[in-house]
Amino acid sequence: MLNRFALFPLFLALSLPTCKKSQNAALSSSSPTPAPTVAVQNTPAPTPAKPVIDQSAEVIVLGYHRFVNKVKRPDTEITPAAFEAQMQELKDKGITVIPMQDFLAWKRGEKSIPPHCAVITIDDGYKSGYEVAWPILKKFGYPVTMFVYTEGIKPGRFSGGESMSWEQLAEMRDAGADIQAHSVTHQDLRKPPYDRLTKRRLSQEEYEPWLENEVAGSKQIIEQKLGVKVNCFAVPYGFYNEHVKELAMKAGYEALFTVYGQKLTYGSPTDSLGRYMIEANKPKVFAEAVSFGGMAVGGSVPVAEVGPSVLSVQPADGETVKNLTPLIKANLVGFGPIDTGSVVMRISGLGVVPAAYDAKTQIVSYQVPRKLSGKSCTVIIEAKSGTKKVATHWTFNLAADALKPEESPASPTISPRPKK
């Protein structure tokens, strides 16, 4: 009996390890088999659909300068009442006024626009654009693009009492206005200019750096002053050539604008986009624009420039005259066959003048009725020859001793700075 109880502890001790092993084996056999690893694949984000672009849409670009109650220079001025009436007409005709950048986005195929649109631009930087036109535009909710030449903005060398300031431009920028370039000094970019400060014409060697500053420099100045992106350039007077065009594109401009109005289409080249320049003495220009008539081409009418020396101009190019009411004339034989009713003469400070044209002699002339002011005078003559436009221009100087003491030289586009 004692031997039986003595053997029990020994049996128990031998049994416990065996049970533990059996329990572990059971647990091991009951553990689930790990699931196979599945590679996670990222679903690519859907590509946004491109906007549907109406390539049949048409756009007109309207150009303005000054807004005054009493028009003295009808080629660059319009009354506030007439301007507001034109803005109302755009609304009544269902023409959508769009921002310049929307127009360019449409040209790039990035944004659709309504079938008939208008873009409104104001040139040079006169303060009436800020004080008169802008409130009217805000009344209609219309966007605007300001094409400014930098030396015409206060305190620039060619600014004056009628000029805008950079502070005013900044205010317009903050409200959504688009500020773009119109050169530095607003001169014909196709040839070495007459420097009104040094009183001499620049040499060919001096011309290239001057031209680069006028085109690329104006862009840099506006971008630095206002912190905006400048991608449009309006050539002064609408005059340009292939060299000016190439330089503008090289400077980073996306669009080059002229002053010869045509409706613009999706395929219009952006390096020569025409604008309808609205003048008080030419109401038919606005009427033609809003009717979307004319040729659907992009850019200005081709212009053939004829040197003034070929046309026996009077006074001669670069000549200094003492008579402040000179007879201005030119022999247009060098223009070749022209439409006799298309001859137009413009004089700086006067605008389009009623010049007489003799079809037999092909001489165009104009007797200046009142004294010219400033240090120089520029004459521009244009005519149509078939499908192209022929033009010439030259500058003569006014003798300093012929000016009255109280007369201060005026810039061709901005009123002189008042004496302090």
# chains A, B, ... in the order shown; residues from 1 in each chain; ligands from 1
$ residues_around --residues "Ala280 (chain A)" --least-positions-apart "2" --cutoff "12 Å" --atoms "only C-alpha atoms" --output "number ranges by chain"
A: 64-83, 86, 277-278, 282-286, 351-352
$ write_last_selection --atoms "C-alpha atoms" --output "PDB file, in the first residue's frame"
ATOM      1  CA  TYR A  64      -9.161 104.346 -76.406  1.00  0.00           C
ATOM      2  CA  HIS A  65      -6.876 107.146 -75.234  1.00  0.00           C
ATOM      3  CA  ARG A  66      -8.398 110.157 -73.470  1.00  0.00           C
ATOM      4  CA  PHE A  67     -11.851 111.018 -72.136  1.00  0.00           C
ATOM      5  CA  VAL A  68     -12.706 114.732 -72.104  1.00  0.00           C
ATOM      6  CA  ASN A  69     -15.869 116.821 -72.122  1.00  0.00           C
ATOM      7  CA  LYS A  70     -14.527 119.176 -74.784  1.00  0.00           C
ATOM      8  CA  VAL A  71     -12.790 117.353 -77.623  1.00  0.00           C
ATOM      9  CA  LYS A  72      -9.766 119.184 -79.038  1.00  0.00           C
ATOM     10  CA  ARG A  73      -7.852 116.216 -80.442  1.00  0.00           C
ATOM     11  CA  PRO A  74     -10.507 114.030 -82.069  1.00  0.00           C
ATOM     12  CA  ASP A  75      -7.988 111.387 -83.124  1.00  0.00           C
ATOM     13  CA  THR A  76      -7.260 110.486 -79.486  1.00  0.00           C
ATOM     14  CA  GLU A  77     -10.205 111.857 -77.503  1.00  0.00           C
ATOM     15  CA  ILE A  78     -13.819 110.949 -76.844  1.00  0.00           C
ATOM     16  CA  THR A  79     -16.421 112.434 -74.501  1.00  0.00           C
ATOM     17  CA  PRO A  80     -17.454 110.514 -71.365  1.00  0.00           C
ATOM     18  CA  ALA A  81     -21.058 110.519 -72.598  1.00  0.00           C
ATOM     19  CA  ALA A  82     -20.079 108.961 -75.933  1.00  0.00           C
ATOM     20  CA  PHE A  83     -17.915 106.377 -74.183  1.00  0.00           C
ATOM     21  CA  GLN A  86     -20.744 102.755 -76.481  1.00  0.00           C
ATOM     22  CA  MET A 277      -8.994 102.607 -82.270  1.00  0.00           C
ATOM     23  CA  ILE A 278     -12.025 104.689 -81.342  1.00  0.00           C
ATOM     24  CA  LYS A 282     -14.810 108.550 -86.748  1.00  0.00           C
ATOM     25  CA  PRO A 283     -18.027 107.088 -85.281  1.00  0.00           C
ATOM     26  CA  LYS A 284     -18.189 104.525 -88.077  1.00  0.00           C
ATOM     27  CA  VAL A 285     -15.196 102.701 -86.610  1.00  0.00           C
ATOM     28  CA  PHE A 286     -17.159 101.632 -83.528  1.00  0.00           C
ATOM     29  CA  GLY A 351      -3.832 114.444 -85.015  1.00  0.00           C
ATOM     30  CA  VAL A 352      -5.452 113.871 -88.416  1.00  0.00           C
TER      31      VAL A 352
END
$ closest_atom_pairs --of "region 339-384 of chain A" --to "region 174-188 of chain A" --cutoff "12 Å" --atoms "only C-alpha atoms" --output "tab-separated table"
residue	atom	partner	partner_atom	distance
A:Ser348	CA	A:Gln187	CA	11.2
A:Thr378	CA	A:Gln187	CA	10.1
A:Val379	CA	A:Asp188	CA	11.6
A:Ile380	CA	A:Asp188	CA	10.6
$ residues_around --residues "Ala170 (chain A)" --least-positions-apart "2" --cutoff "12 Å" --atoms "only C-alpha atoms" --output "list in words"
Tyr130, Met146, Ile153, Met164, Ser165, Trp166, Glu167, Gln168, Met172, Arg173, Asp174, Ala175, Gly176, Ala177, Asp178, Ile179, Ile222, Glu223, Gln224, Lys225, Leu226, Gly227 and Val228 of chain A
$ residues_around --residues "Glu205 (chain A)" --least-positions-apart "4" --cutoff "12 Å" --atoms "only C-alpha atoms" --output "count of residues only"
6
$ closest_residue --among "A:Arg190, A:Lys229, A:Arg346, A:Arg275" --to "Glu254 (chain A)" --atoms "only C-alpha atoms"
A:Lys229
$ select_by_dssp --residues "region 41-177 of chain A" --states "helix (DSSP H, G or I)" --output "ChimeraX atom specification"
/A:80-92,100-107,127-140,150-152,166-174
$ atom_distance --atom1 "CA of Val97 (chain A)" --atom2 "CA of Glu58 (chain A)"
11.9 Å
$ select_by_dssp --residues "region 30-274 of chain A" --states "strand (DSSP E or B)" --output "PyMOL selection string"
chain A and resi 58-64+66-67+77-78+96-97+116-124+126+145-148+154+163+165+178-181+194-195+200-201+232-234+255-257+264+273
$ atom_distance --atom1 "CA of Ile113 (chain A)" --atom2 "CA of Phe147 (chain A)"
22.7 Å
$ residues_around --residues "Trp394 (chain A)" --least-positions-apart "5" --cutoff "10 Å" --atoms "only C-alpha atoms" --output "PDB file with N, CA and C atoms, in the first residue's frame"
ATOM      1  N   PRO A 193      15.538 106.723 -83.394  1.00  0.00           N
ATOM      2  CA  PRO A 193      14.663 107.878 -83.158  1.00  0.00           C
ATOM      3  C   PRO A 193      15.450 109.172 -82.981  1.00  0.00           C
ATOM      4  N   TYR A 194      14.713 110.268 -83.034  1.00  0.00           N
ATOM      5  CA  TYR A 194      15.286 111.558 -82.668  1.00  0.00           C
ATOM      6  C   TYR A 194      15.146 111.689 -81.156  1.00  0.00           C
ATOM      7  N   GLY A 307      10.805 105.679 -97.317  1.00  0.00           N
ATOM      8  CA  GLY A 307      11.646 106.695 -96.693  1.00  0.00           C
ATOM      9  C   GLY A 307      11.260 108.100 -97.121  1.00  0.00           C
ATOM     10  N   PRO A 308      11.316 109.076 -96.214  1.00  0.00           N
ATOM     11  CA  PRO A 308      10.914 110.451 -96.560  1.00  0.00           C
ATOM     12  C   PRO A 308      11.794 111.087 -97.630  1.00  0.00           C
ATOM     13  N   SER A 309      13.039 110.643 -97.736  1.00  0.00           N
ATOM     14  CA  SER A 309      13.931 111.233 -98.734  1.00  0.00           C
ATOM     15  C   SER A 309      13.444 110.945-100.155  1.00  0.00           C
ATOM     16  N   VAL A 313      10.015 115.424 -98.936  1.00  0.00           N
ATOM     17  CA  VAL A 313       9.160 116.001 -97.905  1.00  0.00           C
ATOM     18  C   VAL A 313       9.640 117.398 -97.522  1.00  0.00           C
ATOM     19  N   GLN A 314       8.675 118.180 -97.059  1.00  0.00           N
ATOM     20  CA  GLN A 314       8.948 119.566 -96.630  1.00  0.00           C
ATOM     21  C   GLN A 314       8.134 119.850 -95.369  1.00  0.00           C
ATOM     22  N   PRO A 315       8.804 120.373 -94.300  1.00  0.00           N
ATOM     23  CA  PRO A 315      10.236 120.502 -94.057  1.00  0.00           C
ATOM     24  C   PRO A 315      10.931 119.146 -94.105  1.00  0.00           C
ATOM     25  N   ALA A 316      12.212 119.149 -94.386  1.00  0.00           N
ATOM     26  CA  ALA A 316      12.950 117.902 -94.537  1.00  0.00           C
ATOM     27  C   ALA A 316      13.122 117.196 -93.200  1.00  0.00           C
ATOM     28  N   ASP A 317      13.364 115.900 -93.277  1.00  0.00           N
ATOM     29  CA  ASP A 317      13.586 115.094 -92.079  1.00  0.00           C
ATOM     30  C   ASP A 317      14.834 115.602 -91.349  1.00  0.00           C
ATOM     31  N   GLY A 318      14.675 115.979 -90.072  1.00  0.00           N
ATOM     32  CA  GLY A 318      15.800 116.473 -89.279  1.00  0.00           C
ATOM     33  C   GLY A 318      16.078 117.951 -89.417  1.00  0.00           C
ATOM     34  N   CYS A 377       8.464 118.093 -84.380  1.00  0.00           N
ATOM     35  CA  CYS A 377       7.139 117.771 -84.922  1.00  0.00           C
ATOM     36  C   CYS A 377       7.284 116.548 -85.823  1.00  0.00           C
ATOM     37  N   THR A 378       6.416 115.570 -85.636  1.00  0.00           N
ATOM     38  CA  THR A 378       6.439 114.355 -86.449  1.00  0.00           C
ATOM     39  C   THR A 378       5.234 114.335 -87.384  1.00  0.00           C
ATOM     40  N   VAL A 379       5.492 113.994 -88.635  1.00  0.00           N
ATOM     41  CA  VAL A 379       4.437 113.909 -89.645  1.00  0.00           C
ATOM     42  C   VAL A 379       4.324 112.459 -90.105  1.00  0.00           C
ATOM     43  N   ILE A 380       3.100 111.948 -90.176  1.00  0.00           N
ATOM     44  CA  ILE A 380       2.845 110.590 -90.646  1.00  0.00           C
ATOM     45  C   ILE A 380       1.842 110.670 -91.793  1.00  0.00           C
ATOM     46  N   ILE A 381       2.187 110.072 -92.935  1.00  0.00           N
ATOM     47  CA  ILE A 381       1.294 110.044 -94.090  1.00  0.00           C
ATOM     48  C   ILE A 381       1.055 108.593 -94.467  1.00  0.00           C
TER      49      ILE A 381
END
$ closest_residue --among "A:Leu256, A:Ile53, A:Val144, A:Leu202" --to "Ala105 (chain A)" --atoms "only C-alpha atoms"
A:Ile53
$ closest_residue --among "A:Leu273, A:Ile120, A:Ile136, A:Val343" --to "Glu84 (chain A)" --atoms "only C-alpha atoms"
A:Ile136
$ decode --residues "region 82-115 of chain A" --atoms "C-alpha atoms" --output "short mmCIF file (atom, residue, chain, number, x, y, z; two decimals), in the first residue's frame"
data_model
loop_
_atom_site.label_atom_id
_atom_site.label_comp_id
_atom_site.auth_asym_id
_atom_site.auth_seq_id
_atom_site.Cartn_x
_atom_site.Cartn_y
_atom_site.Cartn_z
CA ALA A 82 -20.08 108.96 -75.93
CA PHE A 83 -17.92 106.38 -74.18
CA GLU A 84 -20.72 105.37 -71.82
CA ALA A 85 -23.13 105.13 -74.74
CA GLN A 86 -20.74 102.76 -76.48
CA MET A 87 -20.46 100.60 -73.37
CA GLN A 88 -24.25 100.48 -73.20
CA GLU A 89 -24.41 99.48 -76.86
CA LEU A 90 -22.10 96.53 -76.17
CA LYS A 91 -24.54 95.40 -73.49
CA ASP A 92 -27.60 95.96 -75.65
CA LYS A 93 -26.12 93.97 -78.53
CA GLY A 94 -25.25 91.06 -76.25
CA ILE A 95 -21.51 91.42 -76.81
CA THR A 96 -19.65 90.00 -73.81
CA VAL A 97 -16.73 92.08 -72.57
CA ILE A 98 -14.01 89.69 -71.44
CA PRO A 99 -10.62 90.21 -69.78
CA MET A 100 -7.54 90.24 -71.99
CA GLN A 101 -6.20 87.15 -70.24
CA ASP A 102 -9.39 85.21 -71.00
CA PHE A 103 -8.94 86.10 -74.66
CA LEU A 104 -5.37 84.77 -74.61
CA ALA A 105 -6.43 81.63 -72.70
CA TRP A 106 -9.00 81.00 -75.44
CA LYS A 107 -6.28 81.43 -78.07
CA ARG A 108 -4.20 78.82 -76.21
CA GLY A 109 -7.13 76.39 -76.18
CA GLU A 110 -7.49 76.57 -72.41
CA LYS A 111 -10.79 78.38 -71.99
CA SER A 112 -14.01 78.81 -73.91
CA ILE A 113 -15.58 82.21 -74.55
CA PRO A 114 -19.00 83.38 -75.81
CA PRO A 115 -19.61 83.63 -79.58
#
